[in-house]
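Student: Following this line is protein.csv, made up of CSV, C-alpha atoms:
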```csv
chain,number,residue,atom,x,y,z
A,1,MET,CA,0.0,0.0,0.0
A,2,LYS,CA,1.2,3.5,-0.9
A,3,ILE,CA,-0.2,6.7,0.5
A,4,SER,CA,-0.7,9.3,-2.3
A,5,THR,CA,0.5,12.9,-2.2
A,6,LYS,CA,-3.1,13.9,-1.5
A,7,GLY,CA,-3.1,11.9,1.8
A,8,ARG,CA,0.4,13.1,2.8
A,9,TYR,CA,-0.4,16.7,2.0
A,10,ALA,CA,-3.7,16.5,3.9
A,11,LEU,CA,-1.8,15.4,7.0
A,12,ARG,CA,0.7,18.2,6.6
A,13,MET,CA,-2.1,20.7,6.1
A,14,MET,CA,-4.0,19.5,9.1
A,15,ILE,CA,-0.8,19.8,11.2
A,16,GLU,CA,-0.3,23.4,10.0
A,17,PHE,CA,-3.9,24.2,11.0
A,18,GLY,CA,-3.4,22.5,14.3
A,19,LEU,CA,-0.2,24.5,15.1
A,20,ASN,CA,-2.4,27.6,15.1
A,21,SER,CA,-5.6,26.0,16.2
A,22,THR,CA,-7.2,29.1,17.8
A,23,ASN,CA,-6.8,31.3,14.7
A,24,THR,CA,-7.4,30.9,11.0
A,25,THR,CA,-4.5,29.9,8.7
A,26,LYS,CA,-4.4,30.9,5.1
A,27,ILE,CA,-3.6,28.4,2.3
A,28,ASN,CA,-0.7,30.6,1.2
A,29,GLN,CA,0.9,30.2,4.7
A,30,VAL,CA,0.6,26.4,4.5
A,31,ALA,CA,1.9,26.4,0.9
A,32,LYS,CA,4.9,28.5,2.0
A,33,ASN,CA,5.7,26.5,5.2
A,34,GLN,CA,5.2,23.1,3.5
A,35,GLN,CA,6.4,24.0,0.0
A,36,ILE,CA,3.3,22.7,-1.7
A,37,SER,CA,1.3,24.3,-4.5
A,38,GLU,CA,-1.6,26.5,-3.3
A,39,LYS,CA,-3.9,25.2,-6.0
A,40,TYR,CA,-3.3,21.6,-4.9
A,41,LEU,CA,-3.9,22.6,-1.2
A,42,GLU,CA,-7.2,24.3,-2.2
A,43,GLN,CA,-8.4,21.0,-3.7
A,44,ILE,CA,-7.4,19.1,-0.6
A,45,ALA,CA,-9.0,21.8,1.6
A,46,SER,CA,-12.3,21.2,-0.3
A,47,THR,CA,-12.2,17.5,0.6
A,48,LEU,CA,-11.4,18.3,4.3
A,49,ILE,CA,-14.3,20.8,4.4
A,50,LYS,CA,-16.8,18.3,2.9
A,51,GLY,CA,-15.6,15.8,5.5
A,52,LYS,CA,-16.2,18.4,8.2
A,53,PHE,CA,-12.5,18.2,9.3
A,54,ILE,CA,-11.9,21.9,8.8
A,55,LYS,CA,-14.0,25.1,8.5
A,56,SER,CA,-13.5,27.9,6.0
A,57,ILE,CA,-13.8,31.4,7.4
A,58,ARG,CA,-14.4,34.3,5.0
A,59,GLY,CA,-13.2,37.9,5.3
A,60,ALA,CA,-10.0,39.8,6.0
A,61,GLN,CA,-9.1,37.6,8.9
A,62,GLY,CA,-10.3,34.5,7.1
A,63,GLY,CA,-8.7,31.3,6.3
A,64,TYR,CA,-9.1,27.7,7.6
A,65,ILE,CA,-9.5,26.3,11.1
A,66,LEU,CA,-9.9,22.8,12.5
A,67,ALA,CA,-13.5,21.9,13.1
A,68,LYS,CA,-12.6,19.8,16.2
A,69,ASP,CA,-9.9,19.5,18.8
A,70,PRO,CA,-6.7,18.0,17.4
A,71,LYS,CA,-7.0,15.1,19.9
A,72,GLU,CA,-10.2,14.1,18.1
A,73,TYR,CA,-8.6,13.3,14.7
A,74,THR,CA,-6.5,10.2,14.1
A,75,VAL,CA,-4.1,9.8,11.2
A,76,GLY,CA,-6.5,7.0,10.0
A,77,ASP,CA,-9.4,9.4,9.9
A,78,ILE,CA,-7.5,11.9,7.7
A,79,LEU,CA,-6.1,9.2,5.4
A,80,ARG,CA,-9.4,7.4,4.9
A,81,LEU,CA,-11.1,10.7,4.1
A,82,THR,CA,-8.5,11.6,1.5
A,83,GLU,CA,-7.4,8.1,0.3
A,84,GLY,CA,-10.5,6.0,0.7
A,85,SER,CA,-10.0,2.5,2.0
A,86,LEU,CA,-6.6,1.6,3.5
A,87,ALA,CA,-7.1,-2.0,2.6
A,88,PRO,CA,-4.0,-3.4,0.9
A,89,VAL,CA,-6.1,-5.5,-1.5
A,90,TYR,CA,-9.5,-5.0,-3.2
A,91,CYS,CA,-11.1,-8.0,-1.6
A,92,LEU,CA,-10.8,-6.5,1.9
A,93,GLU,CA,-12.6,-3.3,1.0
A,94,SER,CA,-16.0,-3.0,2.6
A,95,ASN,CA,-18.0,-2.6,-0.6
A,96,SER,CA,-16.1,-5.2,-2.6
A,97,GLU,CA,-17.6,-8.3,-4.2
A,98,PRO,CA,-16.1,-11.5,-2.8
A,99,CYS,CA,-13.9,-13.3,-5.3
A,100,TRP,CA,-14.4,-16.9,-6.3
A,101,GLN,CA,-11.7,-18.0,-3.9
A,102,ASN,CA,-13.0,-16.0,-0.9
A,103,ASN,CA,-13.5,-18.9,1.4
A,104,ALA,CA,-10.4,-20.8,0.4
A,105,CYS,CA,-7.9,-18.0,0.0
A,106,VAL,CA,-4.8,-18.5,2.1
A,107,SER,CA,-3.2,-15.2,1.1
A,108,LYS,CA,-6.3,-13.2,2.2
A,109,LYS,CA,-5.3,-14.0,5.8
A,110,VAL,CA,-1.9,-12.4,5.2
A,111,PHE,CA,-3.5,-9.3,3.6
A,112,LYS,CA,-5.9,-9.1,6.5
A,113,SER,CA,-3.0,-9.1,9.0
A,114,ILE,CA,-1.4,-6.3,7.0
A,115,GLU,CA,-4.6,-4.3,7.1
A,116,ASP,CA,-5.0,-4.8,10.8
A,117,ALA,CA,-1.4,-3.7,11.4
A,118,ILE,CA,-1.9,-0.6,9.3
A,119,ASN,CA,-5.1,0.3,11.0
A,120,ASN,CA,-3.6,-0.3,14.5
A,121,VAL,CA,-0.8,2.3,13.7
A,122,VAL,CA,-2.9,5.0,11.9
A,123,ASP,CA,-5.8,4.7,14.4
A,124,ASN,CA,-3.6,5.2,17.4
A,125,ILE,CA,-1.8,8.3,16.4
A,126,THR,CA,-3.7,11.5,16.8
A,127,LEU,CA,-3.3,14.8,15.0
A,128,TYR,CA,-2.4,16.2,18.4
A,129,ASP,CA,0.5,13.7,18.6
A,130,LEU,CA,1.8,14.9,15.2
A,131,ILE,CA,1.4,18.6,16.2
A,132,GLU,CA,3.4,18.1,19.3
A,133,GLU,CA,6.2,16.3,17.4
A,134,GLU,CA,6.2,19.1,14.8
A,135,LYS,CA,6.6,21.7,17.5
A,136,LEU,CA,9.6,19.7,18.9
A,137,ILE,CA,11.2,19.4,15.5
A,138,ARG,CA,10.7,23.1,14.7
A,139,SER,CA,12.2,24.1,18.1
A,140,THR,CA,15.1,21.8,17.6
A,141,ASN,CA,15.7,23.1,14.0
A,142,LEU,CA,15.6,26.7,15.4
A,143,LYS,CA,18.3,25.8,17.9
A,144,ASP,CA,20.3,24.0,15.2
A,145,SER,CA,20.2,27.1,13.0
A,146,ASN,CA,21.9,28.9,16.0
A,147,PRO,CA,24.5,26.3,16.8
A,148,ASN,CA,26.3,28.4,19.4
A,149,ASN,CA,23.1,29.1,21.2
A,150,LEU,CA,23.9,32.8,21.0
A,151,ASP,CA,21.3,35.2,22.2
A,152,ILE,CA,20.0,36.8,19.0
A,153,PRO,CA,19.2,40.5,19.7
A,154,LYS,CA,15.6,41.3,19.7
A,155,ASN,CA,16.2,45.0,18.9
A,156,PRO,CA,19.1,45.2,16.4
A,157,ILE,CA,18.9,49.0,16.3
A,158,SER,CA,19.7,49.4,20.0
A,159,ASP,CA,22.4,46.8,19.8
A,160,HIS,CA,23.8,48.6,16.7
A,161,ASN,CA,24.2,51.7,18.9
A,162,THR,CA,26.1,49.7,21.5
A,163,ILE,CA,28.3,48.2,18.8
A,164,SER,CA,29.0,51.8,17.4
A,165,GLU,CA,29.9,53.0,20.9
A,166,ASP,CA,32.3,50.1,21.4
A,167,ILE,CA,33.9,50.9,18.0
A,168,ASN,CA,34.3,54.6,19.0
A,169,LYS,CA,35.9,53.6,22.3
A,170,SER,CA,38.3,51.4,20.4
A,171,ASP,CA,39.1,54.2,18.0
A,172,SER,CA,39.8,56.6,20.8
A,173,ALA,CA,42.0,54.0,22.5
A,174,MET,CA,43.9,53.5,19.3
A,175,THR,CA,44.4,57.3,18.9
A,176,LYS,CA,46.1,57.5,22.3
A,177,ILE,CA,48.7,54.8,21.3
```
Could I get this structure in the form of structure tokens?

Tutor:
Amino acid sequence: MKISTKGRYALRMMIEFGLNSTNTTKINQVAKNQQISEKYLEQIASTLIKGKFIKSIRGAQGGYILAKDPKEYTVGDILRLTEGSLAPVYCLESNSEPCWQNNACVSKKVFKSIEDAINNVVDNITLYDLIEEEKLIRSTNLKDSNPNNLDIPKNPISDHNTISEDINKSDSAMTKI
């Protein structure tokens, strides 16, 4: 079984919405953060709206917002909405016609075990779990981008004045020599 880009991008979009779950998030923000086409994200958003996973808010402060608490979504819910069945073979899908070997198919047991394992994983990971992991990764990446853990000045203008004063002191000290 292979998850399509639609399913993967839907998860990434839901994570972005969940990172800012009290405010709306615009598609262009998700596109920029995740490096995904806005047009493709709009198509996925339409699916998520129809499934009542997200809400669309119009207006200047508009965008998208999760319809429920992140703890109420599982990865399985999101993937099933965007992918359809997660069954590894057609005969295990709920609406499939049984094949002629249905009662004597040894391999069906293997595929059923695979399906059960997949469902066990995706149904036991919540969107909240992914959001918390994403926060951890982003904070780690932020620290990694500042390897010496230097305090980055919040007001570079005031720090610029301090640097200028230090240079002036150095210049006057050099003049005395």

Student: Between CA of Lys112 in chain A and CA of Asn124 in chain A, what distance in Å does the model show, to one decimal?

Tutor: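 We find that CA of Lys112 in chain A and CA of Asn124 in chain A lie 18.1 Å from each other.
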
Student: Near Tyr90 in chain A, within 12 Å and counting only C-alpha atoms, which residues show up once chain neighbours fewer than 4 positions away are dropped, as a count of residues only?

Tutor: 15

Student: Quick one: everything within 9 Å of range 49-60 of chain A, counting all atoms listed in the file, minus sequence neighbours fewer than 5 positions away in the same chain. Send it as an MDAnalysis selection string.

Tutor: chainID A and resid 14 17 24 44 65:68 73 78 81

Student: I need the chosen residues saved as a tab-separated table (two decimals), in the frame of the given file, with C-alpha atoms.

Tutor:
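Written file, selection27.tsv:
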```tsv
chain	number	residue	atom	x	y	z
A	14	MET	CA	-4.00	19.50	9.10
A	17	PHE	CA	-3.90	24.20	11.00
A	24	THR	CA	-7.40	30.90	11.00
A	44	ILE	CA	-7.40	19.10	-0.60
A	65	ILE	CA	-9.50	26.30	11.10
A	66	LEU	CA	-9.90	22.80	12.50
A	67	ALA	CA	-13.50	21.90	13.10
A	68	LYS	CA	-12.60	19.80	16.20
A	73	TYR	CA	-8.60	13.30	14.70
A	78	ILE	CA	-7.50	11.90	7.70
A	81	LEU	CA	-11.10	10.70	4.10
```

Student: In Å, how far is it from CA of Lys143 in chain A to CA of Leu130 in chain A?

Tutor: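 Going from CA of Lys143 in chain A over to CA of Leu130 in chain A, I get 20.0 Å.
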
Student: With all atoms listed in the file counted, which protein, DNA or RNA residues have an atom no more than 9 Å from (-1.2, 20.3, 4.0) in the file frame? Please answer as a list in words.

Tutor: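 Residues with an atom close enough to that point: Lys6, Gly7, Arg8, Tyr9, Ala10, Leu11, Arg12, Met13, Met14, Ile15, Glu16, Phe17, Ile27, Val30, Ala31, Gln34, Ile36, Leu41, Ile44 and Ala45 of chain A.
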
Student: Selection from above, C-alpha atoms, as a PDB file, in the frame of the given file, can you write it?

Tutor:
```pdb
ATOM      1  CA  LYS A   6      -3.100  13.900  -1.500  1.00  0.00           C
ATOM      2  CA  GLY A   7      -3.100  11.900   1.800  1.00  0.00           C
ATOM      3  CA  ARG A   8       0.400  13.100   2.800  1.00  0.00           C
ATOM      4  CA  TYR A   9      -0.400  16.700   2.000  1.00  0.00           C
ATOM      5  CA  ALA A  10      -3.700  16.500   3.900  1.00  0.00           C
ATOM      6  CA  LEU A  11      -1.800  15.400   7.000  1.00  0.00           C
ATOM      7  CA  ARG A  12       0.700  18.200   6.600  1.00  0.00           C
ATOM      8  CA  MET A  13      -2.100  20.700   6.100  1.00  0.00           C
ATOM      9  CA  MET A  14      -4.000  19.500   9.100  1.00  0.00           C
ATOM     10  CA  ILE A  15      -0.800  19.800  11.200  1.00  0.00           C
ATOM     11  CA  GLU A  16      -0.300  23.400  10.000  1.00  0.00           C
ATOM     12  CA  PHE A  17      -3.900  24.200  11.000  1.00  0.00           C
ATOM     13  CA  ILE A  27      -3.600  28.400   2.300  1.00  0.00           C
ATOM     14  CA  VAL A  30       0.600  26.400   4.500  1.00  0.00           C
ATOM     15  CA  ALA A  31       1.900  26.400   0.900  1.00  0.00           C
ATOM     16  CA  GLN A  34       5.200  23.100   3.500  1.00  0.00           C
ATOM     17  CA  ILE A  36       3.300  22.700  -1.700  1.00  0.00           C
ATOM     18  CA  LEU A  41      -3.900  22.600  -1.200  1.00  0.00           C
ATOM     19  CA  ILE A  44      -7.400  19.100  -0.600  1.00  0.00           C
ATOM     20  CA  ALA A  45      -9.000  21.800   1.600  1.00  0.00           C
TER      21      ALA A  45
END
```

Student: Between CA of Lys135 in chain A and CA of Gly62 in chain A, what is the spacing in Å?

Tutor: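 These two atoms are separated by 23.6 Å.
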
Student: Counting all atoms listed in the file, which residue out of A:Cys105, A:Lys71, A:Leu92, A:Thr140 sits closest to Asp123 in chain A?

Tutor: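 Comparing A:Cys105, A:Lys71, A:Leu92, A:Thr140 against Asp123 in chain A, the winner is A:Lys71.
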
Student: Which one of A:Leu136, A:Leu19, A:Ile125, A:Leu142 sits closest to Glu72 in chain A if you count only C-alpha atoms?

Tutor: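 Of the candidates, the smallest distance to Glu72 in chain A is held by A:Ile125.
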
Student: Using all atoms listed in the file, can you tell me which of A:Asn103, A:Asp69, A:Gln29, A:Ile3 comes closest to Pro88 in chain A?

Tutor: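 With all atoms listed in the file as the atom set, the closest residue is A:Ile3.
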
Student: Using only C-alpha atoms, which residue out of A:Ile137, A:Ser107, A:Ile131, A:Val75 lies closest to Asn20 in chain A?

Tutor: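 Comparing A:Ile137, A:Ser107, A:Ile131, A:Val75 against Asn20 in chain A, the winner is A:Ile131.
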